[in-house]
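Next up, start-v2.txt (compact mmCIF, C-alpha atoms):
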```
# COMPACT_ATOMS: atom_id res chain seq x y z
CA MET A 1 29.72 -11.21 0.46
CA ARG A 2 29.96 -7.50 1.31
CA ILE A 3 33.27 -8.14 3.13
CA SER A 4 34.85 -9.53 -0.04
CA PHE A 5 33.59 -6.49 -2.00
CA THR A 6 35.30 -4.17 0.48
CA VAL A 7 38.57 -6.11 0.42
CA LEU A 8 38.61 -6.04 -3.38
CA GLY A 9 37.87 -2.29 -3.39
CA ILE A 10 40.77 -1.59 -1.01
CA ALA A 11 43.11 -3.69 -3.09
CA LEU A 12 42.13 -1.82 -6.24
CA ILE A 13 42.68 1.54 -4.55
CA GLY A 14 46.16 0.36 -3.58
CA LEU A 15 46.96 -0.58 -7.18
CA ALA A 16 45.74 2.81 -8.40
CA SER A 17 48.09 4.60 -6.00
CA CYS A 18 51.13 2.77 -7.38
CA GLU A 19 50.43 3.03 -11.09
CA ARG A 20 49.51 5.74 -13.59
CA ASN A 21 45.75 6.10 -14.02
CA THR A 22 44.80 4.08 -17.10
CA GLY A 23 41.13 5.04 -17.03
CA GLU A 24 39.99 1.60 -15.95
CA ILE A 25 39.63 2.82 -12.37
CA GLY A 26 38.07 6.25 -11.91
CA LEU A 27 37.50 8.56 -8.99
CA ASP A 28 35.85 7.12 -5.92
CA PHE A 29 33.33 9.10 -3.93
CA VAL A 30 30.63 8.50 -1.36
CA ASP A 31 27.00 9.27 -2.09
CA GLN A 32 24.30 8.39 0.47
CA ASN A 33 26.63 5.98 2.25
CA ALA A 34 27.37 4.00 -0.93
CA LEU A 35 30.97 3.76 -2.20
CA LYS A 36 31.12 4.32 -5.95
CA ILE A 37 34.46 3.34 -7.44
CA GLY A 38 35.51 2.36 -10.93
CA LYS A 39 34.66 3.16 -14.50
CA LEU A 40 31.20 4.61 -15.05
CA GLU A 41 29.06 2.70 -17.52
CA SER A 42 25.60 3.96 -18.50
CA VAL A 43 23.52 0.96 -19.45
CA SER A 44 20.54 1.30 -21.76
CA VAL A 45 17.10 0.49 -20.36
CA VAL A 46 13.56 0.32 -21.74
CA SER A 47 10.66 1.47 -19.57
CA TYR A 48 6.89 1.26 -20.01
CA THR A 49 3.72 0.96 -17.94
CA GLU A 50 1.48 -2.01 -17.20
CA PRO A 51 -1.35 -2.84 -14.75
CA PHE A 52 -0.71 -4.91 -11.62
CA ASP A 53 -3.47 -7.49 -11.41
CA SER A 54 -2.20 -9.68 -8.56
CA LEU A 55 -1.96 -7.20 -5.68
CA PHE A 56 -2.49 -9.12 -2.44
CA THR A 57 -4.57 -6.99 -0.05
CA MET A 58 -5.31 -9.29 2.90
CA LYS A 59 -4.66 -7.55 6.25
CA PRO A 60 -3.43 -4.26 4.76
CA SER A 61 -1.62 -1.67 6.85
CA PHE A 62 -4.50 0.75 6.26
CA LEU A 63 -8.11 0.28 5.19
CA MET A 64 -9.05 2.48 2.22
CA LEU A 65 -12.36 4.00 1.25
CA GLY A 66 -13.61 6.45 -1.38
CA SER A 67 -12.81 7.57 -4.91
CA TYR A 68 -11.37 10.50 -6.84
CA VAL A 69 -10.79 11.46 -10.47
CA ASP A 70 -7.22 12.23 -11.49
CA PRO A 71 -6.81 14.02 -14.86
CA VAL A 72 -3.72 11.90 -15.56
CA PHE A 73 -4.74 8.49 -14.16
CA GLY A 74 -8.53 8.56 -14.42
CA GLU A 75 -10.86 7.43 -11.64
CA ALA A 76 -9.73 5.23 -8.75
CA THR A 77 -12.12 3.65 -6.25
CA ALA A 78 -11.39 1.89 -2.94
CA SER A 79 -13.61 -0.08 -0.58
CA PHE A 80 -12.91 -2.55 2.21
CA ALA A 81 -14.32 -5.59 3.95
CA THR A 82 -13.50 -6.52 7.54
CA GLN A 83 -14.37 -9.14 10.09
CA ILE A 84 -15.36 -8.23 13.62
CA ILE A 85 -15.10 -10.20 16.87
CA LEU A 86 -16.65 -10.25 20.34
CA SER A 87 -14.97 -8.25 23.11
CA THR A 88 -16.15 -10.87 25.62
CA ILE A 89 -17.17 -14.45 24.97
CA GLY A 90 -20.78 -15.44 25.74
CA PRO A 91 -22.09 -11.90 26.37
CA ASP A 92 -25.10 -11.62 28.70
CA PHE A 93 -27.13 -8.50 27.98
CA GLY A 94 -29.63 -9.13 30.79
CA ASP A 95 -33.39 -9.53 30.81
CA SER A 96 -35.44 -7.71 28.17
CA ALA A 97 -32.34 -6.07 26.72
CA THR A 98 -32.93 -3.32 24.16
CA VAL A 99 -30.39 -1.71 21.86
CA ASP A 100 -30.53 2.10 22.08
CA SER A 101 -27.85 3.14 19.56
CA VAL A 102 -24.96 1.69 17.56
CA PHE A 103 -21.83 3.44 16.28
CA MET A 104 -19.02 2.35 13.97
CA TYR A 105 -15.72 4.16 14.60
CA LEU A 106 -13.16 4.50 11.80
CA PRO A 107 -9.88 6.17 12.94
CA PHE A 108 -8.24 8.33 10.25
CA VAL A 109 -4.65 7.74 9.16
CA GLY A 110 -4.48 9.74 5.94
CA PHE A 111 -6.27 10.85 2.82
CA TYR A 112 -5.73 11.52 -0.88
CA GLY A 113 -7.78 14.10 -2.74
CA ASP A 114 -10.20 16.86 -1.76
CA THR A 115 -11.19 16.58 1.91
CA SER A 116 -13.38 19.69 1.75
CA ALA A 117 -15.98 17.87 -0.36
CA PRO A 118 -18.89 15.94 1.19
CA PHE A 119 -18.26 12.21 1.41
CA GLY A 120 -20.89 9.51 0.93
CA LEU A 121 -20.54 5.94 2.20
CA THR A 122 -22.51 2.78 2.82
CA VAL A 123 -21.96 0.12 5.49
CA SER A 124 -23.46 -3.34 4.91
CA HIS A 125 -23.35 -6.76 6.50
CA LEU A 126 -20.79 -8.69 4.45
CA ASP A 127 -22.14 -11.51 2.28
CA GLN A 128 -18.80 -13.36 1.93
CA HIS A 129 -16.58 -15.07 4.50
CA LEU A 130 -13.06 -13.67 4.85
CA SER A 131 -11.45 -17.02 5.51
CA SER A 132 -7.76 -17.08 6.44
CA ASP A 133 -7.40 -19.98 4.00
CA SER A 134 -8.49 -17.82 1.06
CA MET A 135 -6.44 -15.43 -1.08
CA PHE A 136 -7.87 -11.96 -1.60
CA TYR A 137 -6.57 -9.38 -4.05
CA GLY A 138 -7.24 -5.78 -4.98
CA SER A 139 -9.54 -7.02 -7.73
CA SER A 140 -11.67 -9.13 -5.34
CA VAL A 141 -15.36 -8.19 -5.40
CA PHE A 142 -17.48 -8.07 -2.24
CA THR A 143 -21.16 -7.44 -1.62
CA GLY A 144 -23.39 -6.56 1.30
CA SER A 145 -27.09 -7.35 1.05
CA THR A 146 -28.18 -5.82 4.36
CA VAL A 147 -27.49 -2.07 4.51
CA LEU A 148 -26.69 -0.81 8.02
CA ALA A 149 -25.87 2.80 7.17
CA ASP A 150 -26.11 4.95 4.06
CA THR A 151 -25.09 8.53 4.69
CA VAL A 152 -23.17 11.61 3.54
CA ILE A 153 -20.74 13.21 5.99
CA GLN A 154 -18.17 16.01 6.07
CA PRO A 155 -14.87 14.30 7.01
CA GLN A 156 -12.46 16.24 9.20
CA PRO A 157 -9.34 14.04 9.26
CA GLY A 158 -7.20 16.61 11.09
CA ARG A 159 -9.63 17.21 13.96
CA LYS A 160 -9.77 15.14 17.13
CA ARG A 161 -13.26 14.47 18.41
CA ARG A 162 -14.71 12.66 21.40
CA LEU A 163 -17.55 10.46 20.15
CA PRO A 164 -20.06 8.53 22.31
CA GLY A 165 -18.28 6.02 24.53
CA MET A 166 -14.73 7.03 23.53
CA GLY A 167 -12.31 7.54 26.40
CA ALA A 168 -10.19 10.19 24.65
CA PRO A 169 -10.58 12.39 21.57
CA ASN A 170 -9.31 10.88 18.33
CA GLU A 171 -9.28 11.65 14.60
CA VAL A 172 -12.17 9.39 13.75
CA ILE A 173 -15.38 9.04 11.75
CA GLY A 174 -18.38 8.01 13.82
CA LEU A 175 -21.27 6.38 11.93
CA ARG A 176 -24.69 5.48 13.29
CA LEU A 177 -25.69 1.94 12.33
CA ASN A 178 -29.10 0.27 12.20
CA THR A 179 -30.21 -0.61 15.75
CA ALA A 180 -32.83 -3.18 14.71
CA PHE A 181 -30.17 -5.26 12.96
CA PHE A 182 -27.99 -5.46 16.08
CA GLN A 183 -31.02 -6.07 18.27
CA SER A 184 -31.92 -9.22 16.37
CA THR A 185 -28.46 -10.35 15.22
CA ILE A 186 -26.48 -9.76 18.44
CA VAL A 187 -28.59 -9.07 21.54
CA ASP A 188 -31.56 -11.35 20.85
CA ALA A 189 -29.42 -14.04 19.23
CA ALA A 190 -27.04 -14.17 22.24
CA VAL A 191 -29.92 -15.37 24.44
CA ASP A 192 -29.81 -18.75 22.66
CA THR A 193 -26.70 -20.28 24.22
CA THR A 194 -27.39 -23.64 22.58
CA SER A 195 -26.38 -22.30 19.15
CA GLY A 196 -22.76 -21.85 20.24
CA ASN A 197 -22.42 -18.78 18.01
CA PHE A 198 -21.27 -16.60 20.91
CA GLN A 199 -19.20 -19.15 22.81
CA SER A 200 -15.99 -18.51 20.86
CA ASN A 201 -14.79 -15.99 18.33
CA THR A 202 -14.16 -18.79 15.86
CA ALA A 203 -17.85 -19.67 16.00
CA PHE A 204 -18.85 -16.00 15.94
CA LEU A 205 -16.84 -15.35 12.76
CA GLU A 206 -18.69 -18.19 11.09
CA TYR A 207 -22.01 -16.73 12.24
CA PHE A 208 -21.33 -13.01 11.69
CA ARG A 209 -19.29 -12.49 8.52
CA GLY A 210 -18.36 -8.83 9.09
CA PHE A 211 -18.88 -5.55 7.23
CA TYR A 212 -18.47 -4.25 3.73
CA VAL A 213 -17.83 -0.50 3.52
CA GLN A 214 -17.98 1.32 0.19
CA GLY A 215 -18.15 4.93 -0.93
CA HIS A 216 -20.78 6.66 -3.03
CA ALA A 217 -20.16 7.46 -6.67
CA GLY A 218 -18.81 10.96 -7.15
CA ASN A 219 -16.67 11.17 -4.02
CA LYS A 220 -13.58 13.33 -4.38
CA ALA A 221 -11.17 11.72 -1.93
CA ILE A 222 -9.88 8.38 -0.70
CA TYR A 223 -9.42 8.04 3.07
CA GLN A 224 -7.18 5.67 5.00
CA PHE A 225 -8.20 4.16 8.35
CA SER A 226 -6.08 2.29 10.88
CA PRO A 227 -7.08 -1.26 11.79
CA GLY A 228 -4.38 -1.12 14.47
CA ASP A 229 -6.12 1.68 16.37
CA GLN A 230 -8.07 0.48 19.40
CA ASP A 231 -10.91 2.83 18.48
CA MET A 232 -11.53 0.72 15.36
CA ARG A 233 -14.72 -0.94 16.58
CA VAL A 234 -18.52 -1.07 16.63
CA ARG A 235 -19.93 0.08 19.95
CA PHE A 236 -23.56 -0.22 20.95
CA PHE A 237 -25.47 1.03 23.96
CA PHE A 238 -28.27 -1.00 25.49
CA THR A 239 -30.59 -1.15 28.47
CA ASN A 240 -32.26 -4.03 30.32
CA ASP A 241 -34.67 -4.47 33.24
CA SER A 242 -31.91 -4.07 35.81
CA LEU A 243 -30.35 -1.01 34.20
CA ARG A 244 -33.69 0.69 33.75
CA THR A 245 -34.38 0.55 37.50
CA ASP A 246 -30.85 1.55 38.52
CA THR A 247 -30.93 5.05 39.99
CA VAL A 248 -27.19 5.19 40.78
CA GLY A 249 -25.47 4.10 37.56
CA PRO A 250 -25.70 5.62 34.07
CA GLY A 251 -28.78 3.54 33.24
CA TYR A 252 -27.27 1.88 30.17
CA GLY A 253 -24.71 -0.76 29.22
CA VAL A 254 -22.00 -0.71 26.58
CA TYR A 255 -20.76 -3.56 24.42
CA ASP A 256 -18.01 -3.57 21.77
CA LEU A 257 -17.45 -5.59 18.64
CA LEU A 258 -13.76 -5.25 17.81
CA ALA A 259 -12.13 -4.75 14.42
CA TRP A 260 -8.45 -4.61 15.37
CA ASN A 261 -5.53 -6.26 13.57
CA VAL A 262 -6.48 -9.66 15.00
CA VAL A 263 -9.24 -10.00 12.39
CA ASN A 264 -9.05 -10.41 8.62
CA SER A 265 -9.64 -7.38 6.45
CA VAL A 266 -9.27 -6.75 2.71
CA ASN A 267 -8.99 -3.69 0.48
CA SER A 268 -10.77 -3.82 -2.88
CA PHE A 269 -9.92 -1.48 -5.77
CA ALA A 270 -11.42 -0.52 -9.14
CA PHE A 271 -10.20 1.78 -11.90
CA ASP A 272 -11.73 3.61 -14.83
CA LYS A 273 -8.93 4.73 -17.12
CA SER A 274 -11.13 5.79 -20.02
CA GLN A 275 -10.22 9.43 -19.24
CA ALA A 276 -6.56 8.75 -18.40
CA GLU A 277 -3.84 10.41 -20.47
CA PHE A 278 -2.17 7.05 -21.16
CA ASP A 279 -3.36 3.73 -22.59
CA LEU A 280 -2.12 0.57 -20.94
CA THR A 281 -3.00 -1.50 -24.02
CA THR A 282 -0.70 0.38 -26.41
CA GLN A 283 2.56 0.51 -24.45
CA ASP A 284 5.70 -0.01 -26.54
CA THR A 285 7.54 -2.79 -24.72
CA VAL A 286 10.39 -2.86 -27.27
CA ALA A 287 11.41 0.78 -27.77
CA GLY A 288 9.94 2.04 -24.50
CA GLU A 289 7.99 5.21 -23.70
CA ILE A 290 8.63 8.92 -23.14
CA THR A 291 6.58 8.81 -19.93
CA THR A 292 5.71 6.01 -17.52
CA TYR A 293 3.41 5.81 -14.51
CA VAL A 294 3.09 4.22 -11.06
CA GLN A 295 -0.10 4.22 -9.00
CA GLY A 296 -1.01 2.82 -5.62
CA MET A 297 -3.73 0.18 -5.26
CA GLY A 298 -2.26 -1.68 -8.26
CA GLY A 299 -3.49 0.88 -10.76
CA ALA A 300 -0.20 1.01 -12.68
CA VAL A 301 3.43 -0.05 -12.34
CA THR A 302 6.51 0.86 -14.35
CA VAL A 303 8.50 -1.95 -15.94
CA VAL A 304 12.23 -1.29 -16.38
CA ASP A 305 13.85 -3.74 -18.79
CA LEU A 306 17.62 -3.66 -18.25
CA VAL A 307 18.31 -4.50 -21.89
CA GLY A 308 21.88 -3.14 -21.82
CA LEU A 309 23.04 -5.74 -19.32
CA LYS A 310 23.11 -8.43 -22.00
CA ALA A 311 25.83 -6.56 -23.89
CA ILE A 312 28.22 -6.73 -20.92
CA GLN A 313 27.24 -10.15 -19.59
CA ASP A 314 30.47 -11.72 -20.88
CA SER A 315 32.69 -8.70 -20.24
CA ASN A 316 34.07 -10.00 -16.93
CA TYR A 317 33.17 -6.71 -15.26
CA PHE A 318 32.87 -6.59 -11.51
CA VAL A 319 30.01 -4.27 -10.47
CA ASN A 320 31.01 -2.08 -7.51
CA TYR A 321 27.80 -0.08 -7.51
CA ALA A 322 24.65 0.01 -9.61
CA GLU A 323 22.05 2.74 -9.31
CA LEU A 324 18.75 3.17 -11.10
CA ARG A 325 17.71 6.82 -11.28
CA ILE A 326 14.03 7.47 -12.01
CA PRO A 327 13.15 11.16 -12.60
CA VAL A 328 9.70 12.48 -11.74
CA ARG A 329 7.98 14.40 -14.54
CA GLU A 330 8.31 18.11 -13.82
CA GLY A 331 5.05 19.67 -12.59
CA SER A 332 3.24 16.33 -12.24
CA ALA A 333 2.99 16.44 -8.44
CA LEU A 334 1.37 19.85 -8.00
CA SER A 335 -2.12 18.53 -7.21
CA TYR A 336 -1.45 14.94 -6.10
CA ALA A 337 1.48 13.87 -3.97
CA THR A 338 3.96 11.28 -5.18
CA PRO A 339 4.85 8.16 -3.16
CA VAL A 340 7.52 8.74 -0.54
CA LYS A 341 9.33 5.70 -1.84
CA LEU A 342 9.28 3.24 -4.73
CA THR A 343 9.76 -0.46 -4.12
CA ALA A 344 11.38 -2.79 -6.65
CA LEU A 345 10.04 -6.23 -7.51
CA LEU A 346 11.84 -8.85 -9.57
CA ILE A 347 10.15 -11.06 -12.15
CA GLU A 348 10.71 -14.81 -11.99
CA GLY A 349 8.19 -16.62 -14.18
CA ASN A 350 4.76 -15.80 -12.74
CA ASP A 351 6.24 -14.78 -9.38
CA ARG A 352 7.04 -11.30 -8.16
CA ARG A 353 9.52 -10.97 -5.33
CA LEU A 354 11.14 -8.11 -3.47
CA LEU A 355 14.53 -6.88 -4.54
CA THR A 356 15.45 -6.63 -0.86
CA GLU A 357 15.97 -10.40 -0.79
CA TYR A 358 19.34 -9.69 -2.40
CA LEU A 359 20.45 -7.05 0.05
CA ASN A 360 21.57 -6.92 3.66
CA GLY A 361 20.06 -3.47 4.09
CA ASN A 362 17.62 -0.97 2.64
CA PRO A 363 18.04 -0.72 -1.16
CA GLY A 364 16.85 2.86 -1.27
CA GLY A 365 14.04 3.89 -3.58
CA ASP A 366 13.47 7.16 -1.71
CA LEU A 367 12.35 10.35 -3.42
CA VAL A 368 15.26 12.80 -3.61
CA VAL A 369 14.82 16.51 -4.31
CA SER A 370 18.01 18.19 -5.51
CA SER A 371 19.41 21.36 -7.11
CA VAL A 372 18.05 24.89 -7.28
CA LEU A 373 15.48 23.72 -9.82
CA ARG A 374 14.07 21.25 -7.31
CA ASP A 375 14.54 18.27 -9.58
CA ARG A 376 12.77 15.24 -8.17
CA ALA A 377 13.92 11.68 -8.74
CA TYR A 378 13.87 8.27 -7.10
CA THR A 379 17.18 6.45 -6.72
CA LEU A 380 17.39 2.71 -6.25
CA GLU A 381 20.52 0.70 -5.53
CA ILE A 382 20.46 -2.61 -7.40
CA THR A 383 24.15 -3.58 -7.13
CA LYS A 384 23.77 -7.10 -5.89
CA PHE A 385 21.03 -8.02 -8.32
CA VAL A 386 23.01 -6.72 -11.32
CA GLN A 387 26.19 -8.54 -10.25
CA GLN A 388 24.33 -11.80 -9.62
CA TRP A 389 22.48 -11.54 -12.91
CA LEU A 390 25.67 -10.86 -14.90
CA SER A 391 27.36 -13.84 -13.29
CA GLY A 392 24.40 -16.11 -14.06
CA LYS A 393 23.51 -16.71 -10.42
CA ASP A 394 19.98 -15.34 -10.60
CA SER A 395 17.01 -16.86 -12.41
CA ALA A 396 14.99 -13.65 -12.43
CA GLU A 397 14.54 -11.74 -15.67
CA ALA A 398 16.64 -8.61 -16.21
CA LYS A 399 13.52 -6.56 -15.44
CA ILE A 400 12.40 -4.58 -12.45
CA LEU A 401 8.87 -3.55 -11.52
CA LEU A 402 8.68 -0.16 -9.84
CA VAL A 403 5.70 0.04 -7.50
CA PRO A 404 4.65 2.58 -4.82
CA ASP A 405 5.65 1.67 -1.29
CA ARG A 406 2.73 0.08 0.62
CA MET A 407 0.86 -0.23 -2.65
CA SER A 408 -2.06 -2.14 -1.09
CA SER A 409 -2.66 0.69 1.40
CA SER A 410 -1.85 3.86 -0.57
CA ALA A 411 -3.43 5.88 -3.37
CA ALA A 412 -0.27 7.90 -4.11
CA ARG A 413 0.86 8.03 -7.73
CA ALA A 414 3.73 9.42 -9.80
CA VAL A 415 4.40 10.40 -13.41
CA LEU A 416 7.94 9.37 -14.38
CA ASN A 417 10.32 10.14 -17.21
CA GLY A 418 10.68 7.12 -19.46
CA ASN A 419 13.75 5.99 -21.36
CA LEU A 420 12.71 8.06 -24.42
CA ASP A 421 12.50 11.34 -22.53
CA PRO A 422 14.78 13.69 -24.52
CA PHE A 423 16.14 15.68 -21.55
CA ASP A 424 16.28 13.55 -18.38
CA PRO A 425 15.48 9.89 -19.09
CA ILE A 426 15.47 7.06 -16.60
CA ARG A 427 18.94 5.55 -16.52
CA LEU A 428 21.05 2.79 -15.00
CA ASP A 429 24.56 3.77 -13.93
CA LEU A 430 27.17 1.11 -13.20
CA TYR A 431 30.51 1.67 -11.54
CA VAL A 432 32.66 -1.28 -12.61
CA THR A 433 36.18 -2.63 -12.49
CA LYS A 434 37.66 -5.20 -14.80
CA PRO A 435 40.28 -7.62 -13.44
CA ARG A 436 43.47 -7.66 -15.54
```
Using the file provided, produce a representation of the structure as structure tokens.
Amino acid sequence: MRISFTVLGIALIGLASCERNTGEIGLDFVDQNALKIGKLESVSVVSYTEPFDSLFTMKPSFLMLGSYVDPVFGEATASFATQIILSTIGPDFGDSATVDSVFMYLPFVGFYGDTSAPFGLTVSHLDQHLSSDSMFYGSSVFTGSTVLADTVIQPQPGRKRRLPGMGAPNEVIGLRLNTAFFQSTIVDAAVDTTSGNFQSNTAFLEYFRGFYVQGHAGNKAIYQFSPGDQDMRVRFFFTNDSLRTDTVGPGYGVYDLLAWNVVNSVNSFAFDKSQAEFDLTTQDTVAGEITTYVQGMGGAVTVVDLVGLKAIQDSNYFVNYAELRIPVREGSALSYATPVKLTALLIEGNDRRLLTEYLNGNPGGDLVVSSVLRDRAYTLEITKFVQQWLSGKDSAEAKILLVPDRMSSSAARAVLNGNLDPFDPIRLDLYVTKPR
């Protein structure tokens, strides 16, 4: 389809070179590798904010933990649940094995908020099964009846540390877990080979459900951890009769329970918007809003209703290029960073699907900083969707949901100019030609 677009564009340029400019075909220029040619049409849009209740969070890129209070968005809270598997099947801990110490390692990836503040967290044995056949969302609720650690730490996400049993320093939190629990649940239980609980990881996942990790109330940051890091594990040290009499070796054994990407994990989010500067229940979906909002973790998304497309649906226009420009509210990112990129979702009944299904390449959505005044705006190419919608080849509504990139693994948020902003509103620009 892109080849036919190019051929038509070349043909139109040829016609323009032979005839006086009638205004139907304007100047062509290249901006971020996109050819814009034809008459510029600014199409009216309506934008407002709504919550995103169906955020799928199974196997997220990053596990998220903590909370913070944003004066614009209110309080956001993140917790996670994860399975864990055996590093070796049918472990034999030896005669009279005793657990000496247990550590959970959580490798840092990023953070959002105040990392200088103390951080409280609780690790529990998960009450629910994270079955691969189940659907888990950001609103899913988990519990842990058996507490394995309840502590306050001082996170240092930028500092590499070598913790007990780690081969190399890493940016990681190391938590001491309850030794008695692992003595009875792992070491003592593994002696009974007739149960079959330790003879395969499938059986072990049915026996040992995993961990639920949540932050204390009053935390001031949300941290991200990498389930793809090989240091994401629970490591315990033990002795037995043989090790205790060994005068050559270290005198202890090490065993790992692994929490890498091979297991299921889920992020869970909660929001208190009673102190937020906007009200999701009073959004004007007809006239639009002066300001709109997007927030990671499903806290808020901006709806852009392309109402002006209906007026040109029967105009026989051919859309050469369509760009949605979404300005960031000036001064809104001083304390909290904005998402690096916005992703566009299309609405089709109850389904939400990626705009990229219409494109051969990256549609954009990157944050662009321009001019001496450092204006910040996201730009999103939606050419193919607009052309398909105008020609009646798409069943999606003429609406786009703007969401933060990696929304299930990021706390980043942005305050955006709505369609009623008096100075720099969100806008849709079309570059069109009209066959004669």
Please build the interface table for range 36-127 of chain A against range 412-434 of chain A with a cut-off of 10 Å, listing for each qualifying residue the nearest atom pair and the distance in Å to one decimal; count all atoms listed in the file, order rows by chain and increasing number, and write it as CSV.
```
residue,atom,partner,partner_atom,distance
A:Lys36,CA,A:Tyr431,CA,6.2
A:Ile37,CA,A:Tyr431,CA,5.9
A:Gly38,CA,A:Val432,CA,4.9
A:Lys39,CA,A:Val432,CA,5.2
A:Leu40,CA,A:Tyr431,CA,4.6
A:Glu41,CA,A:Leu430,CA,5.0
A:Ser42,CA,A:Asp429,CA,4.7
A:Val43,CA,A:Leu428,CA,5.4
A:Ser44,CA,A:Arg427,CA,6.9
A:Val45,CA,A:Asn419,CA,6.5
A:Val46,CA,A:Asn419,CA,5.7
A:Ser47,CA,A:Gly418,CA,5.7
A:Tyr48,CA,A:Gly418,CA,7.0
A:Thr49,CA,A:Gly418,CA,9.4
A:Asp70,CA,A:Arg413,CA,9.9
A:Val72,CA,A:Val415,CA,8.5
A:Phe73,CA,A:Arg413,CA,8.5
A:Phe111,CA,A:Ala412,CA,9.6
A:Tyr112,CA,A:Ala412,CA,7.3
A:Gly113,CA,A:Ala412,CA,9.8
```
Surrounding residues of range 258-269 of chain A excluding itself and chain neighbours under 5 positions, 9 Å, all atoms listed in the file, as a count of residues only: 46
Which residues of range 26-119 of chain A have any atom within 12 Å of an atom in range 169-190 of chain A when counting all atoms listed in the file, and what is the closest pair of atoms for each, with the distance in Å to one decimal? Order the rows by chain and rising number and write it as CSV.
```
residue,atom,partner,partner_atom,distance
A:Ile85,CA,A:Ile186,CA,11.5
A:Leu86,CA,A:Ile186,CA,10.0
A:Thr88,CA,A:Ala190,CA,11.9
A:Ile89,CA,A:Ala190,CA,10.2
A:Gly90,CA,A:Ala190,CA,7.3
A:Pro91,CA,A:Ala190,CA,6.8
A:Asp92,CA,A:Ala190,CA,7.2
A:Phe93,CA,A:Val187,CA,6.6
A:Gly94,CA,A:Val187,CA,9.3
A:Asp95,CA,A:Asp188,CA,10.3
A:Ser96,CA,A:Asp188,CA,9.0
A:Ala97,CA,A:Val187,CA,7.1
A:Thr98,CA,A:Gln183,CA,6.8
A:Val99,CA,A:Gln183,CA,5.7
A:Asp100,CA,A:Thr179,CA,6.9
A:Ser101,CA,A:Thr179,CA,5.8
A:Val102,CA,A:Leu177,CA,5.3
A:Phe103,CA,A:Arg176,CA,4.6
A:Met104,CA,A:Leu175,CA,5.0
A:Tyr105,CA,A:Gly174,CA,4.7
A:Leu106,CA,A:Ile173,CA,5.1
A:Pro107,CA,A:Val172,CA,4.0
A:Phe108,CA,A:Val172,CA,5.4
A:Val109,CA,A:Glu171,CA,8.1
A:Gly110,CA,A:Glu171,CA,10.1
A:Phe119,CA,A:Ile173,CA,11.2
```
Would you compute the distance between CA of Val152 in chain A and CA of Ser116 in chain A? Give it in Å to one decimal. 12.8 Å
A:Val286, A:Ile312, A:Leu380, A:Leu148: which is nearest Lys341 in chain A, counting all atoms listed in the file?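 Of all the options, A:Leu380 lies closest to Lys341 in chain A.
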Using only C-alpha atoms and a cutoff of 12 Å, can you tell me which residues are near (24.2, -12.2, -12.4) in the file's coordinates, and write them out as a PyMOL selection string? chain A and resi 309-310+312-314+316-319+358+382-398
For a test of reading the model, state the distance in Å between CA of Leu280 in chain A and CA of Pro51 in chain A, rounded to one decimal. 7.1 Å
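Among the candidate residues A:Ile153, A:Ala377, A:Val248, A:Ile222, the one lying nearest to Thr122 in chain A is A:Ile153, with distances computed using only C-alpha atoms.
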Hey, what's within 9 Å of His125 in chain A if we count all atoms listed in the file and toss same-chain stuff fewer than 6 positions away? As a ChimeraX atom specification, please? /A:143-148,208-213
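Our summary of the geometry notes that CA of Gly215 in chain A is positioned 24.0 Å from CA of Asp405 in chain A.
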